[in-house]
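Pasted below: data_6.pdb, PDB, C-alpha atoms.
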ATOM      1  CA  MET A   1      60.858  98.678  90.383
ATOM      2  CA  GLY A   2      59.132  98.041  87.110
ATOM      3  CA  GLY A   3      61.229 100.192  84.759
ATOM      4  CA  THR A   4      63.858  99.159  82.241
ATOM      5  CA  LYS A   5      66.961  97.680  83.855
ATOM      6  CA  GLN A   6      70.215  99.045  82.503
ATOM      7  CA  TYR A   7      73.893  98.475  83.244
ATOM      8  CA  GLU A   8      75.684 101.762  83.963
ATOM      9  CA  GLU A   9      79.364 102.050  83.112
ATOM     10  CA  ILE A  10      81.079 104.363  85.594
ATOM     11  CA  PRO A  11      84.041 106.288  84.129
ATOM     12  CA  PHE A  12      86.914 107.538  86.271
ATOM     13  CA  ILE A  13      89.179 110.427  85.351
ATOM     14  CA  ASP A  14      92.182 108.712  86.958
ATOM     15  CA  ASP A  15      92.294 104.908  86.648
ATOM     16  CA  LEU A  16      95.014 104.889  89.293
ATOM     17  CA  PHE A  17      92.655 106.571  91.773
ATOM     18  CA  PRO A  18      89.177 105.232  90.921
ATOM     19  CA  VAL A  19      87.108 107.431  93.209
ATOM     20  CA  ARG A  20      84.576 109.870  91.763
ATOM     21  CA  ILE A  21      82.388 112.418  93.548
ATOM     22  CA  LEU A  22      79.433 114.180  91.984
ATOM     23  CA  TRP A  23      79.234 117.301  94.148
ATOM     24  CA  ASN A  24      75.955 118.932  95.257
ATOM     25  CA  PHE A  25      73.819 117.121  92.710
ATOM     26  CA  ARG A  26      70.310 118.608  92.638
ATOM     27  CA  LEU A  27      67.043 116.931  91.739
ATOM     28  CA  GLY A  28      64.101 118.822  90.297
ATOM     29  CA  GLN A  29      60.444 117.877  90.435
ATOM     30  CA  ASP A  30      60.764 116.355  86.978
ATOM     31  CA  ALA A  31      62.854 113.591  88.588
ATOM     32  CA  VAL A  32      59.884 112.046  90.417
ATOM     33  CA  LEU A  33      60.042 108.261  90.147
ATOM     34  CA  ARG A  34      57.576 106.630  87.793
ATOM     35  CA  GLU A  35      56.745 103.055  86.896
ATOM     36  CA  ASP A  36      58.867 103.380  83.753
ATOM     37  CA  SER A  37      61.884 105.015  85.441
ATOM     38  CA  VAL A  38      65.145 103.434  84.288
ATOM     39  CA  VAL A  39      66.719 101.197  86.930
ATOM     40  CA  THR A  40      70.528 100.980  86.847
ATOM     41  CA  TRP A  41      73.252  98.822  88.352
ATOM     42  CA  HIS A  42      77.059  98.843  88.350
ATOM     43  CA  GLU A  43      79.986  97.075  90.010
ATOM     44  CA  GLN A  44      81.027 100.116  92.045
ATOM     45  CA  LEU A  45      80.100 100.866  95.648
ATOM     46  CA  GLU A  46      77.930 104.007  95.630
ATOM     47  CA  ILE A  47      77.429 106.294  98.628
ATOM     48  CA  LEU A  48      74.945 109.178  98.735
ATOM     49  CA  TYR A  49      75.167 111.867 101.410
ATOM     50  CA  ILE A  50      71.966 113.917 101.560
ATOM     51  CA  LEU A  51      72.624 117.653 101.998
ATOM     52  CA  GLU A  52      69.077 119.058 101.942
ATOM     53  CA  GLY A  53      65.533 118.244 100.896
ATOM     54  CA  LYS A  54      64.201 114.735 100.529
ATOM     55  CA  ILE A  55      64.920 112.110  97.907
ATOM     56  CA  GLN A  56      63.286 108.792  97.181
ATOM     57  CA  ILE A  57      65.469 105.828  96.306
ATOM     58  CA  ASP A  58      64.568 102.283  95.389
ATOM     59  CA  CYS A  59      67.225  99.653  96.093
ATOM     60  CA  GLY A  60      66.214  96.197  95.010
ATOM     61  CA  TYR A  61      62.610  95.890  96.161
ATOM     62  CA  ARG A  62      62.907  98.367  99.012
ATOM     63  CA  ARG A  63      61.906 102.028  98.841
ATOM     64  CA  TYR A  64      63.403 104.682 101.126
ATOM     65  CA  ILE A  65      62.556 108.318 101.760
ATOM     66  CA  CYS A  66      65.842 110.005 102.675
ATOM     67  CA  ASP A  67      66.251 113.306 104.511
ATOM     68  CA  LYS A  68      69.077 115.738 105.254
ATOM     69  CA  GLY A  69      72.000 113.990 106.945
ATOM     70  CA  ASP A  70      70.989 110.511 105.801
ATOM     71  CA  ILE A  71      73.499 108.244 104.106
ATOM     72  CA  VAL A  72      72.524 105.783 101.403
ATOM     73  CA  ILE A  73      74.673 102.790 100.479
ATOM     74  CA  VAL A  74      74.122 101.167  97.093
ATOM     75  CA  ASN A  75      75.880  97.813  97.197
ATOM     76  CA  PRO A  76      77.878  96.573  94.192
ATOM     77  CA  CYS A  77      75.589  95.287  91.397
ATOM     78  CA  GLU A  78      72.457  96.341  93.301
ATOM     79  CA  GLU A  79      69.618  97.603  91.117
ATOM     80  CA  HIS A  80      68.571 101.126  92.112
ATOM     81  CA  VAL A  81      66.936 104.349  90.997
ATOM     82  CA  VAL A  82      66.987 107.786  92.646
ATOM     83  CA  GLY A  83      64.172 110.333  92.410
ATOM     84  CA  TYR A  84      62.727 113.573  93.764
ATOM     85  CA  HIS A  85      60.518 113.525  96.835
ATOM     86  CA  SER A  86      60.111 117.022  98.284
ATOM     87  CA  GLY A  87      61.845 120.314  99.020
ATOM     88  CA  ASN A  88      64.968 121.251  97.079
ATOM     89  CA  PRO A  89      67.007 118.053  97.395
ATOM     90  CA  SER A  90      70.743 117.859  96.813
ATOM     91  CA  TYR A  91      73.384 115.300  97.677
ATOM     92  CA  HIS A  92      76.979 114.236  97.158
ATOM     93  CA  CYS A  93      77.308 111.003  95.163
ATOM     94  CA  ILE A  94      80.507 109.027  95.724
ATOM     95  CA  MET A  95      81.473 106.204  93.367
ATOM     96  CA  ILE A  96      84.252 103.853  94.464
ATOM     97  CA  ASP A  97      85.610 101.099  92.259
ATOM     98  CA  PRO A  98      86.294  97.758  94.002
ATOM     99  CA  LYS A  99      89.917  97.750  92.871
ATOM    100  CA  PHE A 100      90.478 100.844  95.047
ATOM    101  CA  TYR A 101      89.546  99.159  98.324
ATOM    102  CA  ALA A 102      90.019  95.480  97.473
ATOM    103  CA  GLY A 103      93.374  96.032  95.797
ATOM    104  CA  GLY A 104      93.148  92.940  93.597
ATOM    105  CA  LEU A 105      95.269  90.887  96.012
ATOM    106  CA  LEU A 106      93.868  88.211  98.277
ATOM    107  CA  ASP A 107      94.513  88.303 101.990
ATOM    108  CA  ARG A 108      92.303  87.690 105.006
ATOM    109  CA  CYS A 109      90.645  91.101 104.666
ATOM    110  CA  GLY A 110      89.881  90.482 101.017
ATOM    111  CA  LEU A 111      88.610  86.937 101.479
ATOM    112  CA  GLN A 112      86.585  87.499 104.622
ATOM    113  CA  TYR A 113      85.119  90.923 103.846
ATOM    114  CA  MET A 114      85.733  92.466 100.401
ATOM    115  CA  LEU A 115      85.018  89.488  98.163
ATOM    116  CA  PRO A 116      81.687  88.660  99.865
ATOM    117  CA  ILE A 117      80.598  92.292  99.395
ATOM    118  CA  ASN A 118      81.615  92.370  95.750
ATOM    119  CA  GLY A 119      80.080  88.937  95.214
ATOM    120  CA  GLN A 120      76.792  89.993  96.869
ATOM    121  CA  GLN A 121      77.088  87.367  99.601
ATOM    122  CA  MET A 122      77.057  90.166 102.162
ATOM    123  CA  LYS A 123      75.290  93.512 101.934
ATOM    124  CA  PHE A 124      75.270  96.762 103.856
ATOM    125  CA  ASN A 125      72.042  98.395 104.958
ATOM    126  CA  ASN A 126      70.871 100.810 102.264
ATOM    127  CA  LEU A 127      69.661 103.574 104.572
ATOM    128  CA  ILE A 128      71.968 104.725 107.359
ATOM    129  CA  ARG A 129      70.432 107.203 109.756
ATOM    130  CA  GLY A 130      71.740 108.366 113.124
ATOM    131  CA  ASN A 131      75.037 106.469 112.926
ATOM    132  CA  GLY A 132      77.456 109.134 114.159
ATOM    133  CA  LYS A 133      80.614 107.102 113.550
ATOM    134  CA  VAL A 134      79.776 106.374 109.912
ATOM    135  CA  SER A 135      78.750 109.991 109.339
ATOM    136  CA  ASP A 136      81.934 111.401 110.875
ATOM    137  CA  ILE A 137      84.222 109.143 108.829
ATOM    138  CA  LEU A 138      82.312 109.866 105.621
ATOM    139  CA  GLN A 139      82.565 113.621 106.183
ATOM    140  CA  GLU A 140      86.333 113.286 106.730
ATOM    141  CA  LEU A 141      86.589 111.375 103.449
ATOM    142  CA  ILE A 142      84.562 114.024 101.608
ATOM    143  CA  ALA A 143      86.679 116.831 103.083
ATOM    144  CA  GLU A 144      89.888 115.146 101.928
ATOM    145  CA  CYS A 145      88.518 114.818  98.388
ATOM    146  CA  GLU A 146      87.402 118.449  98.408
ATOM    147  CA  GLU A 147      90.601 119.979  99.836
ATOM    148  CA  ARG A 148      92.985 117.692  97.898
ATOM    149  CA  ARG A 149      95.970 118.419 100.133
ATOM    150  CA  TYR A 150      99.270 116.610  99.638
ATOM    151  CA  ALA A 151      98.808 112.838 100.092
ATOM    152  CA  PHE A 152      95.027 113.194 100.110
ATOM    153  CA  GLU A 153      94.849 109.903  98.172
ATOM    154  CA  VAL A 154      96.362 108.071 101.138
ATOM    155  CA  ALA A 155      93.960 109.801 103.517
ATOM    156  CA  VAL A 156      90.959 108.966 101.332
ATOM    157  CA  LYS A 157      91.911 105.291 101.159
ATOM    158  CA  GLY A 158      92.475 105.198 104.905
ATOM    159  CA  ASN A 159      89.117 106.835 105.583
ATOM    160  CA  LEU A 160      87.395 104.467 103.178
ATOM    161  CA  LEU A 161      88.799 101.414 104.949
ATOM    162  CA  ARG A 162      87.728 102.898 108.296
ATOM    163  CA  LEU A 163      84.284 103.514 106.839
ATOM    164  CA  LEU A 164      84.004  99.953 105.569
ATOM    165  CA  ALA A 165      85.113  98.587 108.940
ATOM    166  CA  GLU A 166      82.370 100.552 110.688
ATOM    167  CA  LEU A 167      79.792  99.449 108.115
ATOM    168  CA  PHE A 168      80.784  95.825 108.654
ATOM    169  CA  ARG A 169      80.422  96.299 112.410
ATOM    170  CA  SER A 170      77.138  98.145 112.545
ATOM    171  CA  GLU A 171      75.334  98.234 109.201
ATOM    172  CA  MET A 172      75.184  94.697 107.801
ATOM    173  CA  SER A 173      71.880  93.580 106.289
ATOM    174  CA  GLY A 174      72.874  90.163 104.979
ATOM    175  CA  LEU A 175      75.363  87.884 106.716
ATOM    176  CA  GLN A 176      76.598  84.467 105.725
ATOM    177  CA  GLY A 177      75.304  81.741 108.007
ATOM    178  CA  ASP A 178      77.574  80.286 110.675
ATOM    179  CA  GLU A 179      78.063  77.067 108.674
ATOM    180  CA  LYS A 180      79.159  79.086 105.618
ATOM    181  CA  VAL A 181      81.629  81.115 107.705
ATOM    182  CA  ILE A 182      83.104  77.949 109.222
ATOM    183  CA  ALA A 183      83.399  76.306 105.795
ATOM    184  CA  ASP A 184      85.058  79.382 104.321
ATOM    185  CA  LYS A 185      87.539  79.508 107.182
ATOM    186  CA  ALA A 186      88.438  75.845 106.637
ATOM    187  CA  ASN A 187      88.823  76.427 102.915
ATOM    188  CA  TYR A 188      91.005  79.471 103.541
ATOM    189  CA  GLU A 189      93.279  77.463 105.794
ATOM    190  CA  LEU A 190      93.516  74.784 103.095
ATOM    191  CA  VAL A 191      94.588  77.199 100.340
ATOM    192  CA  ALA A 192      96.530  79.595 102.594
ATOM    193  CA  PRO A 193      99.963  78.189 101.588
ATOM    194  CA  VAL A 194      99.310  79.382  98.021
ATOM    195  CA  PHE A 195      99.794  83.028  98.969
ATOM    196  CA  PRO A 196     103.252  82.928 100.607
ATOM    197  CA  TYR A 197     104.429  80.437  97.960
ATOM    198  CA  ILE A 198     103.502  82.836  95.152
ATOM    199  CA  ALA A 199     104.955  85.792  97.066
ATOM    200  CA  GLU A 200     108.296  83.961  97.327
ATOM    201  CA  HIS A 201     108.450  82.337  93.871
ATOM    202  CA  TYR A 202     106.417  84.617  91.544
ATOM    203  CA  ALA A 203     109.508  85.505  89.478
ATOM    204  CA  GLN A 204     110.076  81.823  88.704
ATOM    205  CA  LYS A 205     108.017  79.291  86.818
ATOM    206  CA  ILE A 206     105.092  78.156  88.979
ATOM    207  CA  THR A 207     102.807  75.247  88.092
ATOM    208  CA  LEU A 208      99.547  74.077  89.591
ATOM    209  CA  LYS A 209     101.373  70.971  90.784
ATOM    210  CA  ASP A 210     103.811  73.161  92.732
ATOM    211  CA  LEU A 211     100.970  74.994  94.458
ATOM    212  CA  ALA A 212      98.976  71.836  95.151
ATOM    213  CA  ALA A 213     102.066  70.262  96.720
ATOM    214  CA  ALA A 214     102.485  73.323  98.958
ATOM    215  CA  CYS A 215      98.901  72.794 100.160
ATOM    216  CA  CYS A 216      99.244  68.992 100.436
ATOM    217  CA  VAL A 217      96.215  68.398  98.177
ATOM    218  CA  ASN A 218      95.741  67.316  94.572
ATOM    219  CA  VAL A 219      95.472  69.844  91.763
ATOM    220  CA  SER A 220      91.748  69.417  91.066
ATOM    221  CA  HIS A 221      90.817  69.873  94.730
ATOM    222  CA  LEU A 222      92.982  72.977  95.050
ATOM    223  CA  CYS A 223      91.486  74.508  91.901
ATOM    224  CA  ARG A 224      87.919  73.754  93.006
ATOM    225  CA  VAL A 225      88.314  75.156  96.539
ATOM    226  CA  PHE A 226      90.311  78.206  95.449
ATOM    227  CA  LYS A 227      87.735  79.155  92.793
ATOM    228  CA  LYS A 228      84.835  78.631  95.205
ATOM    229  CA  LEU A 229      86.491  80.736  97.885
ATOM    230  CA  THR A 230      87.865  83.592  95.790
ATOM    231  CA  GLY A 231      85.768  83.653  92.623
ATOM    232  CA  LYS A 232      88.888  83.324  90.454
ATOM    233  CA  THR A 233      91.267  80.586  89.382
ATOM    234  CA  VAL A 234      94.665  80.019  90.939
ATOM    235  CA  MET A 235      96.397  81.095  87.739
ATOM    236  CA  GLU A 236      94.270  84.255  87.537
ATOM    237  CA  TYR A 237      95.465  85.149  91.025
ATOM    238  CA  LEU A 238      99.071  84.399  90.071
ATOM    239  CA  ASN A 239      98.752  86.682  87.057
ATOM    240  CA  GLU A 240      97.223  89.467  89.185
ATOM    241  CA  TYR A 241     100.096  89.147  91.642
ATOM    242  CA  ARG A 242     102.697  89.341  88.887
ATOM    243  CA  LEU A 243     100.982  92.352  87.352
ATOM    244  CA  SER A 244     101.003  94.112  90.733
ATOM    245  CA  LYS A 245     104.773  93.542  90.881
ATOM    246  CA  ALA A 246     105.118  94.912  87.341
ATOM    247  CA  GLN A 247     103.139  97.986  88.443
ATOM    248  CA  MET A 248     105.517  98.538  91.346
ATOM    249  CA  LEU A 249     108.593  98.211  89.129
ATOM    250  CA  LEU A 250     107.138 100.638  86.578
ATOM    251  CA  VAL A 251     106.674 103.266  89.285
ATOM    252  CA  THR A 252     109.790 102.708  91.387
ATOM    253  CA  THR A 253     112.482 101.885  88.801
ATOM    254  CA  ASP A 254     113.723 102.939  85.372
ATOM    255  CA  LEU A 255     113.979  99.363  84.146
ATOM    256  CA  GLY A 256     112.940  98.596  80.581
ATOM    257  CA  LEU A 257     109.767  96.621  79.909
ATOM    258  CA  CYS A 258     111.686  93.472  78.995
ATOM    259  CA  GLU A 259     113.503  93.429  82.348
ATOM    260  CA  ILE A 260     110.327  94.292  84.245
ATOM    261  CA  ALA A 261     108.513  91.400  82.582
ATOM    262  CA  ALA A 262     111.324  89.021  83.560
ATOM    263  CA  GLN A 263     111.462  90.210  87.167
ATOM    264  CA  ALA A 264     107.669  89.913  87.462
ATOM    265  CA  GLY A 265     107.767  86.311  86.280
ATOM    266  CA  TYR A 266     106.870  86.653  82.597
ATOM    267  CA  THR A 267     109.020  84.973  79.954
ATOM    268  CA  ASP A 268     107.291  86.915  77.159
ATOM    269  CA  MET A 269     107.239  90.741  77.329
ATOM    270  CA  GLY A 270     104.467  90.963  74.733
ATOM    271  CA  TYR A 271     102.255  88.641  76.783
ATOM    272  CA  MET A 272     102.859  90.715  79.908
ATOM    273  CA  MET A 273     101.924  93.892  78.010
ATOM    274  CA  ARG A 274      98.695  92.316  76.732
ATOM    275  CA  ARG A 275      97.697  91.104  80.192
ATOM    276  CA  PHE A 276      98.540  94.491  81.699
ATOM    277  CA  LYS A 277      96.366  96.317  79.155
ATOM    278  CA  ALA A 278      93.507  93.863  79.664
ATOM    279  CA  ALA A 279      93.664  94.241  83.451
ATOM    280  CA  TYR A 280      94.113  98.016  83.778
ATOM    281  CA  GLY A 281      92.847  99.442  80.499
ATOM    282  CA  ILE A 282      96.157 101.170  79.712
ATOM    283  CA  SER A 283      99.569 100.065  78.482
ATOM    284  CA  PRO A 284     102.522  99.690  80.870
ATOM    285  CA  GLY A 285     104.176 102.707  79.216
ATOM    286  CA  ARG A 286     101.084 104.854  79.690
ATOM    287  CA  PHE A 287     100.792 103.675  83.300
ATOM    288  CA  ARG A 288     104.399 104.709  83.978
ATOM    289  CA  HIS A 289     103.753 108.117  82.371
ATOM    290  CA  LEU A 290     100.635 108.755  84.483
ATOM    291  CA  ALA A 291     102.399 107.635  87.655
ATOM    292  CA  GLY A 292     105.265 110.016  86.841
ATOM    293  CA  GLU A 293     102.849 112.910  86.391
ATOM    294  CA  GLY A 294     101.339 112.140  89.778
ATOM    295  CA  LYS A 295     104.770 112.375  91.410
ATOM    296  CA  GLU A 296     105.406 115.766  89.842
ATOM    297  CA  GLU A 297     102.191 117.361  91.151
TER     298      GLU A 297
END

If you took the structure in this file and wrote it as structure tokens, what would it be?
Amino acid sequence: MGGTKQYEEIPFIDDLFPVRILWNFRLGQDAVLREDSVVTWHEQLEILYILEGKIQIDCGYRRYICDKGDIVIVNPCEEHVVGYHSGNPSYHCIMIDPKFYAGGLLDRCGLQYMLPINGQQMKFNNLIRGNGKVSDILQELIAECEERRYAFEVAVKGNLLRLLAELFRSEMSGLQGDEKVIADKANYELVAPVFPYIAEHYAQKITLKDLAAACCVNVSHLCRVFKKLTGKTVMEYLNEYRLSKAQMLLVTTDLGLCEIAAQAGYTDMGYMMRRFKAAYGISPGRFRHLAGEGKEE
């Protein structure tokens, strides 16, 4: 791919449900790939489901000719460009933000599977052809998004996790070596006490010394291993956890922001509001309003 490389920002209509489908997108003959075609990348997982015709897609340094019924996976941050090949091609394009399936919280699923995908340590095969299980699950997911019946959001998330599980089982193109897996497991066991400690004490003051003591290691070693394993600092994780609790309180209670901040472990309401806006792109008040509208539908 010799064209200009460009970051693509993917907007979502609903930040609380960051899944977007471009339905029945058609390519004309003017979309034939050229040497100067713009190559894009983004953090989202992208899935193409080919409905008819043939498309050509470059992912990294690989080129695929995709036919009706094929599924294309564009891994997070993978450079790619889609073009016309033949016939009258059309496809569904599904964009899924990592926060929808990774949830922002660290558990064994996140550490062992989601973080390596988002961090490009593991990759799915780009072209999926003849995999009946993956195709069936994807079509269920698409149908839920199209019909939008009550609780379709729950069904979509469930189908997506099923889809990812099947991709991990049958469509992996890049796996960590055995030594890396063993090292990661040992590191996870070392930092594992952090998670229940935060879950129990998040509303109180928590220091790095407290967490290091829970893991029976010194602070510098804990910080180094935790960052290597998760891609974020211990305090970043603590803040994410507290914000998730603030989210829950905003949706499930009528408490004021000052009380919510206190119950989530923040001594400064203004600081909590700034961190919330930085993390989710909207204020706590706006989040509560949107969540309330969702309940009324």

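For the atom pair formed by CA of Val191 in chain A and CA of Cys215 in chain A, the distance is 6.2 Å, given to one decimal.
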
message: Here's the selection I'm unsure about, the PyMOL selection byres ((chain A and resi 18) around 12); applied to the file above, which residues does it give, as a list in words?
response: Ile10, Pro11, Phe12, Ile13, Asp14, Asp15, Leu16, Phe17, Val19, Arg20, Ile21, Gln44, Leu45, Ile94, Met95, Ile96, Asp97, Pro98, Lys99, Phe100, Tyr101, Ala102, Gly103, Glu153, Val156, Lys157 and Tyr280 of chain A

message: So, with only C-alpha atoms as the atoms that count, which of A:Asn187, A:Ser170, A:Thr267, A:Thr253 lies closest to Lys227 in chain A?
response: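 Answer, going by the shortest atom-to-atom distance: A:Asn187.
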
For CA of Leu238 in chain A and CA of Phe287 in chain A, the interatomic separation in Å (one decimal):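 CA of Phe287 in chain A lies 20.5 Å from CA of Leu238 in chain A.
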
Atom-to-atom span, CA of Asn24 in chain A and CA of Pro89 in chain A, Å: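 Between CA of Asn24 in chain A and CA of Pro89 in chain A the gap works out to 9.2 Å.
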
Option closest in space to Val234 in chain A, from A:Leu51, A:Leu208, A:Leu33, A:Leu111 [counting all atoms listed in the file]: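 Result for the nearest residue to Val234 in chain A: A:Leu208.
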
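Applied to the shown file, the PyMOL selection byres ((chain A and resi 125) around 7) selects the residues Ile73, Lys123, Phe124, Asn126, Leu127, Ile128, Glu171, Met172 and Ser173 of chain A.
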
message: Please enumerate the residues selected by the PyMOL selection byres ((chain A and resi 168) around 12) when evaluated against the supplied file, formatted as a list in words.
response: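 Taken on the displayed file, the PyMOL selection byres ((chain A and resi 168) around 12) yields the residues Cys109, Gln112, Tyr113, Met114, Pro116, Ile117, Met122, Lys123, Phe124, Asn125, Val134, Leu161, Arg162, Leu163, Leu164, Ala165, Glu166, Leu167, Arg169, Ser170, Glu171, Met172, Ser173, Gly174 and Leu175 of chain A.
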
Serialized selection, C-alpha atoms, as an mmCIF file, in the frame of the given file:
data_model
loop_
_atom_site.group_PDB
_atom_site.id
_atom_site.type_symbol
_atom_site.label_atom_id
_atom_site.label_comp_id
_atom_site.auth_asym_id
_atom_site.auth_seq_id
_atom_site.Cartn_x
_atom_site.Cartn_y
_atom_site.Cartn_z
ATOM 1 C CA CYS A 109 90.645 91.101 104.666
ATOM 2 C CA GLN A 112 86.585 87.499 104.622
ATOM 3 C CA TYR A 113 85.119 90.923 103.846
ATOM 4 C CA MET A 114 85.733 92.466 100.401
ATOM 5 C CA PRO A 116 81.687 88.660 99.865
ATOM 6 C CA ILE A 117 80.598 92.292 99.395
ATOM 7 C CA MET A 122 77.057 90.166 102.162
ATOM 8 C CA LYS A 123 75.290 93.512 101.934
ATOM 9 C CA PHE A 124 75.270 96.762 103.856
ATOM 10 C CA ASN A 125 72.042 98.395 104.958
ATOM 11 C CA VAL A 134 79.776 106.374 109.912
ATOM 12 C CA LEU A 161 88.799 101.414 104.949
ATOM 13 C CA ARG A 162 87.728 102.898 108.296
ATOM 14 C CA LEU A 163 84.284 103.514 106.839
ATOM 15 C CA LEU A 164 84.004 99.953 105.569
ATOM 16 C CA ALA A 165 85.113 98.587 108.940
ATOM 17 C CA GLU A 166 82.370 100.552 110.688
ATOM 18 C CA LEU A 167 79.792 99.449 108.115
ATOM 19 C CA ARG A 169 80.422 96.299 112.410
ATOM 20 C CA SER A 170 77.138 98.145 112.545
ATOM 21 C CA GLU A 171 75.334 98.234 109.201
ATOM 22 C CA MET A 172 75.184 94.697 107.801
ATOM 23 C CA SER A 173 71.880 93.580 106.289
ATOM 24 C CA GLY A 174 72.874 90.163 104.979
ATOM 25 C CA LEU A 175 75.363 87.884 106.716
#

Residues within 8 Å of (101.8, 88.2, 92.5), counting only C-alpha atoms, listed as a list in words: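 Protein and nucleic acid residues near the point are Leu105, Ile198, Ala199, Tyr202, Tyr237, Leu238, Asn239, Glu240, Tyr241, Arg242, Leu243, Ser244, Lys245 and Ala264 of chain A.
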
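You can rank A:Val225, A:Leu249, A:Ala203, A:Val219 by their closest distance to Ala262 in chain A using all atoms listed in the file, and at the top of that list sits A:Ala203.
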
message: Using all atoms listed in the file, can you tell me which of A:Tyr188, A:Trp41, A:Tyr64, A:Tyr84 comes closest to Asp107 in chain A?
response: A:Tyr188

- request: For Phe25 in chain A, work out the shell of residues within 8 Å, counting all atoms listed in the file and skipping chain neighbours fewer than 2 positions away, then give it as an MDAnalysis selection string.
  value: chainID A and resid 22:23 27 90:93

First collect every listed atom of range 104-120 of chain A; then fit an axis-aligned box around them, widen it by 6 Å on each side, and give centre and edge lengths in Å to one decimal, as lines of an AutoDock Vina configuration file.
center_x = 86.0
center_y = 89.9
center_z = 99.3
size_x = 30.5
size_y = 18.0
size_z = 23.4

Would you mind completing range 88-104 of chain A to N, CA and C atoms and writing the output as an mmCIF file, keeping the file's coordinate frame?
data_model
loop_
_atom_site.group_PDB
_atom_site.id
_atom_site.type_symbol
_atom_site.label_atom_id
_atom_site.label_comp_id
_atom_site.auth_asym_id
_atom_site.auth_seq_id
_atom_site.Cartn_x
_atom_site.Cartn_y
_atom_site.Cartn_z
ATOM 1 N N ASN A 88 63.996 120.955 98.128
ATOM 2 C CA ASN A 88 64.968 121.251 97.079
ATOM 3 C C ASN A 88 66.171 120.333 97.289
ATOM 4 N N PRO A 89 66.000 119.041 96.996
ATOM 5 C CA PRO A 89 67.007 118.053 97.395
ATOM 6 C C PRO A 89 68.326 118.168 96.650
ATOM 7 N N SER A 90 69.411 117.946 97.398
ATOM 8 C CA SER A 90 70.743 117.859 96.813
ATOM 9 C C SER A 90 71.557 116.865 97.627
ATOM 10 N N TYR A 91 72.560 116.296 96.988
ATOM 11 C CA TYR A 91 73.384 115.300 97.677
ATOM 12 C C TYR A 91 74.730 115.166 96.978
ATOM 13 N N HIS A 92 75.713 114.656 97.740
ATOM 14 C CA HIS A 92 76.979 114.236 97.158
ATOM 15 C C HIS A 92 76.828 112.767 96.775
ATOM 16 N N CYS A 93 77.327 112.397 95.611
ATOM 17 C CA CYS A 93 77.308 111.003 95.163
ATOM 18 C C CYS A 93 78.751 110.536 94.991
ATOM 19 N N ILE A 94 79.134 109.527 95.738
ATOM 20 C CA ILE A 94 80.507 109.027 95.724
ATOM 21 C C ILE A 94 80.522 107.641 95.096
ATOM 22 N N MET A 95 81.305 107.493 94.039
ATOM 23 C CA MET A 95 81.473 106.204 93.367
ATOM 24 C C MET A 95 82.876 105.683 93.654
ATOM 25 N N ILE A 96 82.960 104.436 94.102
ATOM 26 C CA ILE A 96 84.252 103.853 94.464
ATOM 27 C C ILE A 96 84.383 102.492 93.788
ATOM 28 N N ASP A 97 85.398 102.361 92.962
ATOM 29 C CA ASP A 97 85.610 101.099 92.259
ATOM 30 C C ASP A 97 86.209 100.060 93.213
ATOM 31 N N PRO A 98 85.775 98.795 93.093
ATOM 32 C CA PRO A 98 86.294 97.758 94.002
ATOM 33 C C PRO A 98 87.807 97.640 94.012
ATOM 34 N N LYS A 99 88.464 97.913 92.886
ATOM 35 C CA LYS A 99 89.917 97.750 92.871
ATOM 36 C C LYS A 99 90.601 98.769 93.775
ATOM 37 N N PHE A 100 89.885 99.846 94.157
ATOM 38 C CA PHE A 100 90.478 100.844 95.047
ATOM 39 C C PHE A 100 90.567 100.325 96.478
ATOM 40 N N TYR A 101 89.516 99.622 96.937
ATOM 41 C CA TYR A 101 89.546 99.159 98.324
ATOM 42 C C TYR A 101 89.897 97.683 98.452
ATOM 43 N N ALA A 102 89.685 96.894 97.384
ATOM 44 C CA ALA A 102 90.019 95.480 97.473
ATOM 45 C C ALA A 102 91.443 95.222 97.015
ATOM 46 N N GLY A 103 91.969 96.091 96.161
ATOM 47 C CA GLY A 103 93.374 96.032 95.797
ATOM 48 C C GLY A 103 93.761 94.924 94.838
ATOM 49 N N GLY A 104 92.844 93.996 94.547
ATOM 50 C CA GLY A 104 93.148 92.940 93.597
ATOM 51 C C GLY A 104 93.939 91.786 94.181
#
